[in-house]
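Below you'll find the structure, written out as structure tokens, and then a few comments.
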There are 2 protein chains.
Amino acid sequence: MKHQPEAHNLSNEQAGNSGFSDDGKNTIGSQLASRLREAIISGDLEAGSKINLDRARQSFNVSLSPLREGLARLISDGLVEFEDNRGYRVSPVSLANLEEITSLREEFEVFALKESIRVGDVEWESNVMRMLHKLNRAERDANKPETLEHWEAVHRDFHLTLISGCGKPLLLHFCKTLLNLNDRYRRTFLTQTSGDRNVNQEHSEIAQGAVARDSDYAAEQLRQHIHRTGTNLLGHLTRTGVVR
Amino acid sequence: MKHQPEAHNLSNEQAGNSGFSDDGKNTIGSQLASRLREAIISGDLEAGSKINLDRARQSFNVSLSPLREGLARLISDGLVEFEDNRGYRVSPVSLANLEEITSLREEFEVFALKESIRVGDVEWESNVMRMLHKLNRAERDANKPETLEHWEAVHRDFHLTLISGCGKPLLLHFCKTLLNLNDRYRRTFLTQTSGDRNVNQEHSEIAQGAVARDSDYAAEQLRQHIHRTGTNLLGHLTRTGVVR
DNA sequence: GTTACAAGAATAATCGATTATTTGTCAAGC
DNA sequence: GCTTGACAAATAATCGATTATTCTTGTAAC
């Protein structure tokens with residue numbers, strides 16, 4: 001079952017990114033890329049499902065050209081797959097895929113954090129603390145979907161901010177891609193964390209270690225944090241059996 | 001009736017690409033993505049230059065839709081940049097960019113090699129030896145441009161084969177992207193390796209270590225290999241002063 | 001001489017229609 | 001019953017033309 005992503009605002013994606021005032025003056029193609037990304041990550045567009053261009057065209061109220069262009073941009077993000085003359089489909093999910101995402105996050109995101117600790121400036125430190133506070137204050141109630149959505153956005157920003165001091169744009173791009181892919185699993189399959197975790201506590205320890213420039217400690221905390229989330233999700237998927 | 005100039009369409013692609021049997025059954029958009037990628041990596045399209053859609057449309061003998069779609073796919077590859085209403089441009093080159101590419105290759109490619117050594121099967125081992133042989137046999141003469149092009153293709157395949165046993169599609173995709181970016185620097189700025197290197201020797205040691213499953217040794221050899229190439233290129237760029 | 005601003009030119013973005021390919025269906029032949 | 005092939009429907013891909021935006025140039029005011 002797929003919703004019509006049309007209805008919701010889908011106001012511009014990376015809201016908390018870093019002071020981009022997008023003006024809403026984007027082209028249709030760009031807007032579509034954002035909306036499609038959001039629709040896929042949020043699960044509105046079901047994993048593995050084929051994207052019928054004509055229907056999509058109608059539900060988004062656009063013409064074919066910008067639609068195809070938007071979709072093309074999502075290919076390298078790993079959110080969309082494409083086959084000549086057979087069109088586009090939402091990338092499928094699988095246990096193997098989730099395992100890879102988790103292990104790569106442990107590798108890359110941790111590396112990026114170490115680099116940030118090594119070369120990040122005071123501005124970066126401040127941003128980390130700011131985002132930590134924001135995240136700790138964000139409500140997360142499985143009964144209120146809007147809080148979940150908001151929490152996800154803030155959570156994502158927190159993780160990106162953590163590694164934003166590394167001074168390596170390409171690395172950040174890769175990490176952002178992995179975070180996108182990972183978030184899809186969580187937003188689709190997980191509405192609450194397992195009871196034995198204090199996620200806020202985990203985030204605090206990572207952030208505190210980072211601004212204290214305790215590289216080894218912060219890195220290890222982040223690695224465990226990512227690993228726990230992965231294990232958690234894997235358990236869910238295995239139990240519910242929705243995914244092979 | 002459709003009047004397409006069937007005389008010389010898109011088939012001037014160099015077959016030496018990398019063992020892909022293109023079947024010729026691709027769509028124009030896909031063919032364009034490949035051709036544009038090759039044109040950028042080879043330096044045919046100058047780094048940093050603006051891509052005029054109308055001129056590109058003419059020189060490629062295609063319409064706008066597939067051209068834009070092809071370009072859109074290169075964005076996430078880091079080869080093309082895009083700005084709303086201002087169109088596409090070839091990503092610029094810079095010392096900082098090259099440094100990042102090198103350092104990320106040291107991180108990711110080495111990780112992928114270790115994983116390949118850990119879980120790669122005999123098929124992978126065999127492929128590594130095959131590509132090593134092919135590479136050792138490939139001529140590289142600065143006076144014969146076609147040998148340079150061929151060597152680049154084989155060299156690229158060698159590096160990809162080395163890490164192809166890791167069982168991590170996403171990781172391979174990232175490494176391939178980095179290799180693309182790196183190759184552009186070499187193909188644009190470097191026609192011969194510095195005299196004090198025996199590159200064939202380096203490749204042999206990496207490959208031998210890999211199939212012997214000596215993880216630490218092979219990994220360190222690869223890391224140094226990548227690092228030397230980076231240093232080498234940086235020197236060239238700095239001396240020639242073409243890049244800041 | 002410099003700035004501001006208004007055409008006009010150049011370019012990018014989008015649309016609607018057309019063409020090409022794949023997929024589904026069904027009857028004929030084995 | 002199963003395959004094969006022809007036809008039709010569905011879908012993807014492309015094109016040419018149109019619209020929107022940005023860039024350029026020339027002129028008037030100060």
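Each chain in the structure tokens gets a letter, A, B, ..., in the order shown, and its residues are numbered from 1; ligands are numbered from 1 in order too.
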
When you get a sec, could you note down which chain D residues fall within 8 Å of chain A, using only C-alpha atoms (C1' of nucleotides), as a PyMOL selection string? chain D and resi 11-13

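Counting only C-alpha atoms (C1' of nucleotides), every residue of chain C that comes within 12 Å of chain A is listed here: DA12, DA13, DT14, DC15, DG16, DA20, DT21, DT22 and DT23 of chain C.
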
Define the interface residues of chain B facing chain A as those within 10 Å, counting only C-alpha atoms, and report them as a count of residues only. 44

Could you tell me, as a PyMOL selection string, which residues of chain A DSSP assigns to alpha helix (DSSP H) when given the backbone? chain A and resi 28-41+53-60+64-75+95-119+122-137+145-162+169-189+199-211+215-240

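Near DG29 in chain C, within 12 Å and counting only C-alpha atoms (C1' of nucleotides), sit DC2, DT3, DT4 and DG5 of chain D, not including residues fewer than 3 positions from it in the same chain.
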
Name all residues at most 12 Å from range 123-127 of chain B (count only C-alpha atoms (C1' of nucleotides); drop same-chain ones fewer than 4 positions away) and give them as a list in words. Leu113, Glu115, Ser116, Ile117, Arg118, Val119, Met131, Leu132, His133, Lys134, Asp157, Phe158, His159, Leu160, Thr161, Leu162, Ile163, Ser164, Gly165, Cys166, Gly167, Ala207, Gln208, Gly209, Ala210, Val211, Ala212 and Arg213 of chain B

I need the residues of chain B that end up classed as strand (DSSP E or B) by DSSP on the backbone, written out as a VMD selection string. chain B and resid 50 to 51 80 to 83 87 to 90
